[in-house]
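To start, the structure under review is shown below, and the notes come after it.
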Number of protein chains: 2
Amino acid sequence: MKFSQATDNALHVMLYLVMEAPDKPVSVQVLAEKLSVSQTYLSKMLTKLVKAGLIHSVSGANGGYRLKRNYEEISFLDVIHAIEGTTSLFECSFNHGQQCLIQQVVMDAERQMEQALKNKTIYELAKQMKGV
Amino acid sequence: MKFSQATDNALHVMLYLVMEAPDKPVSVQVLAEKLSVSQTYLSKMLTKLVKAGLIHSVSGANGGYRLKRNYEEISFLDVIHAIEGTTSLFECSFNHGQQCLIQQVVMDAERQMEQALKNKTIYELAKQMKGV
DNA sequence: TTATCATAGATAAGTAAAGTCTACAATCGA
DNA sequence: TCGATTGTAGACTTTACTTATCTATGATAA
Ligand code: SF4
Ligand code: SF4
């Protein structure tokens with residue numbers, strides 16, 4: 001029960017883009033170097049962000065990954081869901097009806113965490129960091 | 001990023017003990033049958049609960065696993081921590097100081113979830129279920 | 001003492017994440 | 001149009017973790 005390292009990388013990439021290059025594409029080569037991971041692995045991960053609609057990809061010379069116009073609204077939860085998926089943390093083998101109290105308790109707790117992650121945007125964090 | 005099935009089983013065992021046998025030992029044989037899992041695997045898992053101080057084990061004939069005296073205070077978080085460990089869900093490879101804002105955001109969200117799991121006791125849930 | 005029951009170690013099978021390689025498609029600039 | 005650049009996708013390997021089983025051992029009640 002841990003966030004994958006891919007999630008960690010995704011958050012760092014998003015933060016980097018917001019802080020350093022909000023409007024022009026950055027190649028996976030540059031990003032991979034910043035994070036010290038391989039290009040192919042990172043590109044595979046970034047494709048998930050593209051599919052989730054968080055960033056834009058540009059092929060060809062001077063291409064790379066670029067933020068979308070609404071990048072100021074992207075939350076931590078958006079990034080995490082794009083990588084980890086949106087299925088619940090708790091899934092039992094059986095399904096004893098909607099009134100299962102165990103599931104209710106755990107899922108409610110889960111929602112608390114998601115709410116906190118939803119309330120914090122990458123943009124907000126970038127501003128905080130620049131403030132320092 | 002999911003709760004392990006062991007956690008699921010642990011919650012069910014605890015709930016069963018609180019509801020059906022708060023004071024006498026139940027053998028792993030009986031418990032394994034209830035959950036449809038193997039005895040050896042379940043016993044290994046229950047040993048974690050014993051080590052975490054949540055339940056008591058009794059060897060010998062008519063032995064088994066028994067709740068401790070303070071069982072009414074055991075929270076969901078206690079059970080989950082006993083099985084999954086207490087390390088944070090988010091661990092980056094580097095450590096750029098305590099003022100790392102990314103970690104702060106994620107860990108804060110994590111604390112929200114833990115708080116919710118801490119506020120709910122197994123005993124409370126058992127009462128709710130009997131009420132139905 | 002004997003039957004019952006938990007514990008612990010070794011180990012195997014299954015599954016998901018992490019990482020690599022390669023061929024291909026899209027785009028830009030000349 | 002052509003060639004260099006850059007992302008995409010599939011197959012594949014490696015690694016790590018979870019789940020599961022077997023077996024020997026230790027503790028306890030009757
Ligand atoms: S009681 Fe709830 S959590 Fe347990 S098996 Fe049934 S549906 Fe799943
Ligand atoms: S910035 Fe924070 S989360 Fe990122 S590597 Fe540094 S310490 Fe870890």
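Labels used: A, B, ... for chains in the order of the structure tokens, numbers from 1 for residues in each chain, and numbers from 1 for ligands as shown.
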Can you write out as a Markdown table which residues of chain B fall within 9 Å of ligand 1, alongside each residue's closest atom pair and its distance in Å to one decimal, counting only C-alpha atoms and all ligand atoms and ordering rows by chain and ascending residue number?
| residue | atom | partner | partner_atom_place_in_ligand_line | distance |
| --- | --- | --- | --- | --- |
| B:Asp8 | CA | ligand 1 | 3 (S) | 7.0 |
| B:Asn9 | CA | ligand 1 | 4 (Fe) | 8.2 |
| B:Leu11 | CA | ligand 1 | 4 (Fe) | 8.3 |
| B:His12 | CA | ligand 1 | 4 (Fe) | 6.3 |
| B:Leu35 | CA | ligand 1 | 5 (S) | 8.5 |
Per DSSP on the backbone, filter chain B down to the residues in strand (DSSP E) and report them as a PyMOL selection string. chain B and resi 55-58+64-67
Take the selection from the previous step and output its residues with all heavy atoms, as a PDB file, in the first residue's frame.
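out-v9.pdb written:
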ATOM      1  N   ILE B  55      -4.707  -8.479  19.700  1.00  0.00           N
ATOM      2  CA  ILE B  55      -5.369  -9.669  20.212  1.00  0.00           C
ATOM      3  C   ILE B  55      -4.361 -10.502  20.999  1.00  0.00           C
ATOM      4  O   ILE B  55      -3.172 -10.201  21.027  1.00  0.00           O
ATOM      5  CB  ILE B  55      -5.996 -10.537  19.087  1.00  0.00           C
ATOM      6  CG1 ILE B  55      -4.934 -10.916  18.059  1.00  0.00           C
ATOM      7  CG2 ILE B  55      -7.151  -9.819  18.431  1.00  0.00           C
ATOM      8  CD1 ILE B  55      -5.437 -11.816  16.955  1.00  0.00           C
ATOM      9  N   HIS B  56      -4.856 -11.576  21.554  1.00  0.00           N
ATOM     10  CA  HIS B  56      -4.090 -12.433  22.425  1.00  0.00           C
ATOM     11  C   HIS B  56      -4.145 -13.830  21.824  1.00  0.00           C
ATOM     12  O   HIS B  56      -5.150 -14.209  21.260  1.00  0.00           O
ATOM     13  CB  HIS B  56      -4.782 -12.435  23.793  1.00  0.00           C
ATOM     14  CG  HIS B  56      -3.867 -12.791  24.902  1.00  0.00           C
ATOM     15  ND1 HIS B  56      -2.934 -11.902  25.400  1.00  0.00           N
ATOM     16  CD2 HIS B  56      -3.757 -13.915  25.627  1.00  0.00           C
ATOM     17  CE1 HIS B  56      -2.283 -12.494  26.392  1.00  0.00           C
ATOM     18  NE2 HIS B  56      -2.756 -13.714  26.551  1.00  0.00           N
ATOM     19  N   SER B  57      -3.052 -14.572  21.921  1.00  0.00           N
ATOM     20  CA  SER B  57      -3.118 -15.933  21.412  1.00  0.00           C
ATOM     21  C   SER B  57      -2.992 -16.932  22.558  1.00  0.00           C
ATOM     22  O   SER B  57      -2.253 -16.711  23.498  1.00  0.00           O
ATOM     23  CB  SER B  57      -2.010 -16.171  20.382  1.00  0.00           C
ATOM     24  OG  SER B  57      -0.760 -16.207  21.022  1.00  0.00           O
ATOM     25  N   VAL B  58      -3.730 -18.017  22.458  1.00  0.00           N
ATOM     26  CA  VAL B  58      -3.743 -19.038  23.505  1.00  0.00           C
ATOM     27  C   VAL B  58      -3.419 -20.384  22.876  1.00  0.00           C
ATOM     28  O   VAL B  58      -4.165 -20.871  22.037  1.00  0.00           O
ATOM     29  CB  VAL B  58      -5.139 -19.120  24.168  1.00  0.00           C
ATOM     30  CG1 VAL B  58      -5.091 -20.102  25.323  1.00  0.00           C
ATOM     31  CG2 VAL B  58      -5.599 -17.755  24.633  1.00  0.00           C
ATOM     32  N   GLY B  64      -6.699 -20.629  20.853  1.00  0.00           N
ATOM     33  CA  GLY B  64      -7.082 -19.837  19.694  1.00  0.00           C
ATOM     34  C   GLY B  64      -6.720 -18.378  19.890  1.00  0.00           C
ATOM     35  O   GLY B  64      -5.779 -18.059  20.622  1.00  0.00           O
ATOM     36  N   TYR B  65      -7.481 -17.518  19.273  1.00  0.00           N
ATOM     37  CA  TYR B  65      -7.230 -16.090  19.388  1.00  0.00           C
ATOM     38  C   TYR B  65      -8.370 -15.430  20.143  1.00  0.00           C
ATOM     39  O   TYR B  65      -9.534 -15.690  19.885  1.00  0.00           O
ATOM     40  CB  TYR B  65      -7.070 -15.471  17.998  1.00  0.00           C
ATOM     41  CG  TYR B  65      -5.858 -16.003  17.257  1.00  0.00           C
ATOM     42  CD1 TYR B  65      -5.956 -17.087  16.398  1.00  0.00           C
ATOM     43  CD2 TYR B  65      -4.610 -15.414  17.460  1.00  0.00           C
ATOM     44  CE1 TYR B  65      -4.846 -17.581  15.739  1.00  0.00           C
ATOM     45  CE2 TYR B  65      -3.490 -15.904  16.795  1.00  0.00           C
ATOM     46  CZ  TYR B  65      -3.616 -16.993  15.940  1.00  0.00           C
ATOM     47  OH  TYR B  65      -2.512 -17.473  15.305  1.00  0.00           O
ATOM     48  N   ARG B  66      -7.979 -14.558  21.071  1.00  0.00           N
ATOM     49  CA  ARG B  66      -8.964 -13.917  21.931  1.00  0.00           C
ATOM     50  C   ARG B  66      -8.685 -12.419  21.966  1.00  0.00           C
ATOM     51  O   ARG B  66      -7.543 -11.989  21.871  1.00  0.00           O
ATOM     52  CB  ARG B  66      -8.844 -14.507  23.335  1.00  0.00           C
ATOM     53  CG  ARG B  66      -9.817 -13.948  24.359  1.00  0.00           C
ATOM     54  CD  ARG B  66      -9.786 -14.781  25.642  1.00  0.00           C
ATOM     55  NE  ARG B  66      -8.420 -15.122  26.066  1.00  0.00           N
ATOM     56  CZ  ARG B  66      -7.591 -14.290  26.681  1.00  0.00           C
ATOM     57  NH1 ARG B  66      -7.958 -13.050  26.937  1.00  0.00           N
ATOM     58  NH2 ARG B  66      -6.387 -14.692  27.048  1.00  0.00           N
ATOM     59  N   LEU B  67      -9.698 -11.657  22.104  1.00  0.00           N
ATOM     60  CA  LEU B  67      -9.536 -10.204  22.190  1.00  0.00           C
ATOM     61  C   LEU B  67      -8.876  -9.831  23.497  1.00  0.00           C
ATOM     62  O   LEU B  67      -8.947 -10.572  24.478  1.00  0.00           O
ATOM     63  CB  LEU B  67     -10.911  -9.535  22.111  1.00  0.00           C
ATOM     64  CG  LEU B  67     -11.588  -9.603  20.740  1.00  0.00           C
ATOM     65  CD1 LEU B  67     -13.038  -9.156  20.866  1.00  0.00           C
ATOM     66  CD2 LEU B  67     -10.853  -8.750  19.738  1.00  0.00           C
TER      67      LEU B  67
END
Hey, what's within 8 Å of range 4-17 of chain C if we count only C-alpha atoms (C1' of nucleotides) and toss same-chain stuff fewer than 4 positions away? As a PyMOL selection string, please? (chain A and resi 4) or (chain B and resi 27+43+57-64) or (chain D and resi 16+18-21+26)
Which protein, DNA or RNA residues have an atom within 10 Å of ligand 2, counting only C-alpha atoms (C1' of nucleotides) and all ligand atoms, as a ChimeraX atom specification? /A:8-9,11-13,15,35 /B:90-106
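Within 10 Å of chain A, and counting only C-alpha atoms (C1' of nucleotides), chain C contributes DA17, DA18, DG19, DT20, DC21, DA25, DA26, DT27, DC28 and DG29 of chain C.
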Could you give me, as a Markdown table, a per-residue list for chain A showing, wherever an atom lies at most 6 Å from an atom of chain B, the closest pair of atoms and their distance in Å to one decimal, using only C-alpha atoms and sorting by chain then residue number from low to high?
| residue | atom | partner | partner_atom | distance |
| --- | --- | --- | --- | --- |
| A:Met1 | CA | B:Met1 | CA | 5.0 |
| A:Lys2 | CA | B:Leu89 | CA | 4.4 |
| A:Phe3 | CA | B:Met1 | CA | 5.5 |
| A:Leu89 | CA | B:Lys2 | CA | 4.5 |
| A:Phe90 | CA | B:Phe3 | CA | 5.7 |
| A:Ala109 | CA | B:Met113 | CA | 4.7 |
| A:Glu110 | CA | B:Met113 | CA | 5.8 |
| A:Gln112 | CA | B:Met113 | CA | 5.5 |
| A:Met113 | CA | B:Ala109 | CA | 4.7 |
| A:Ala116 | CA | B:Ala109 | CA | 5.1 |
Just-selected residues, C-alpha atoms written as a PDB file, in the first residue's frame:
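File written: again-v8.pdb
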ATOM      1  CA  MET A   1       0.000   0.000   0.000  1.00  0.00           C
ATOM      2  CA  LYS A   2       2.109   2.801  -1.341  1.00  0.00           C
ATOM      3  CA  PHE A   3       1.923   5.383  -4.053  1.00  0.00           C
ATOM      4  CA  LEU A  89      -8.226   1.471  -2.351  1.00  0.00           C
ATOM      5  CA  PHE A  90     -10.448  -1.102  -0.747  1.00  0.00           C
ATOM      6  CA  ALA A 109     -11.769   7.716   5.009  1.00  0.00           C
ATOM      7  CA  GLU A 110     -10.482   7.445   1.483  1.00  0.00           C
ATOM      8  CA  GLN A 112     -11.263  12.445   3.150  1.00  0.00           C
ATOM      9  CA  MET A 113      -7.819  11.980   1.670  1.00  0.00           C
ATOM     10  CA  ALA A 116      -7.497  17.106   0.597  1.00  0.00           C
TER      11      ALA A 116
END
Taking only C-alpha atoms (C1' of nucleotides) into account, report as a compact mmCIF listing (two decimals) with C-alpha atoms (C1' of nucleotides), in the first residue's frame which residues of chain D lie within 6 Å of chain B.
# COMPACT_ATOMS: atom_id res chain seq x y z
C1' DA D 27 3.09 -24.37 24.39
C1' DT D 28 -1.03 -25.86 26.92
C1' DA D 29 -5.18 -28.37 28.59
Could you tell me how far CA of Gln39 in chain A sits from CA of Glu124 in chain A, in Å to one decimal place?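 Going from CA of Glu124 in chain A over to CA of Gln39 in chain A covers 27.9 Å.
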Please report the interatomic distance between CA of Ala10 in chain A and CA of Leu31 in chain A in Å with one decimal. 10.5 Å
Name the residues of range 33-109 of chain B that fall into alpha helix (DSSP H) according to DSSP on the backbone, using the chain letters and numbers of this document, as a PyMOL selection string. chain B and resi 33-35+39-51+76-84+101-109
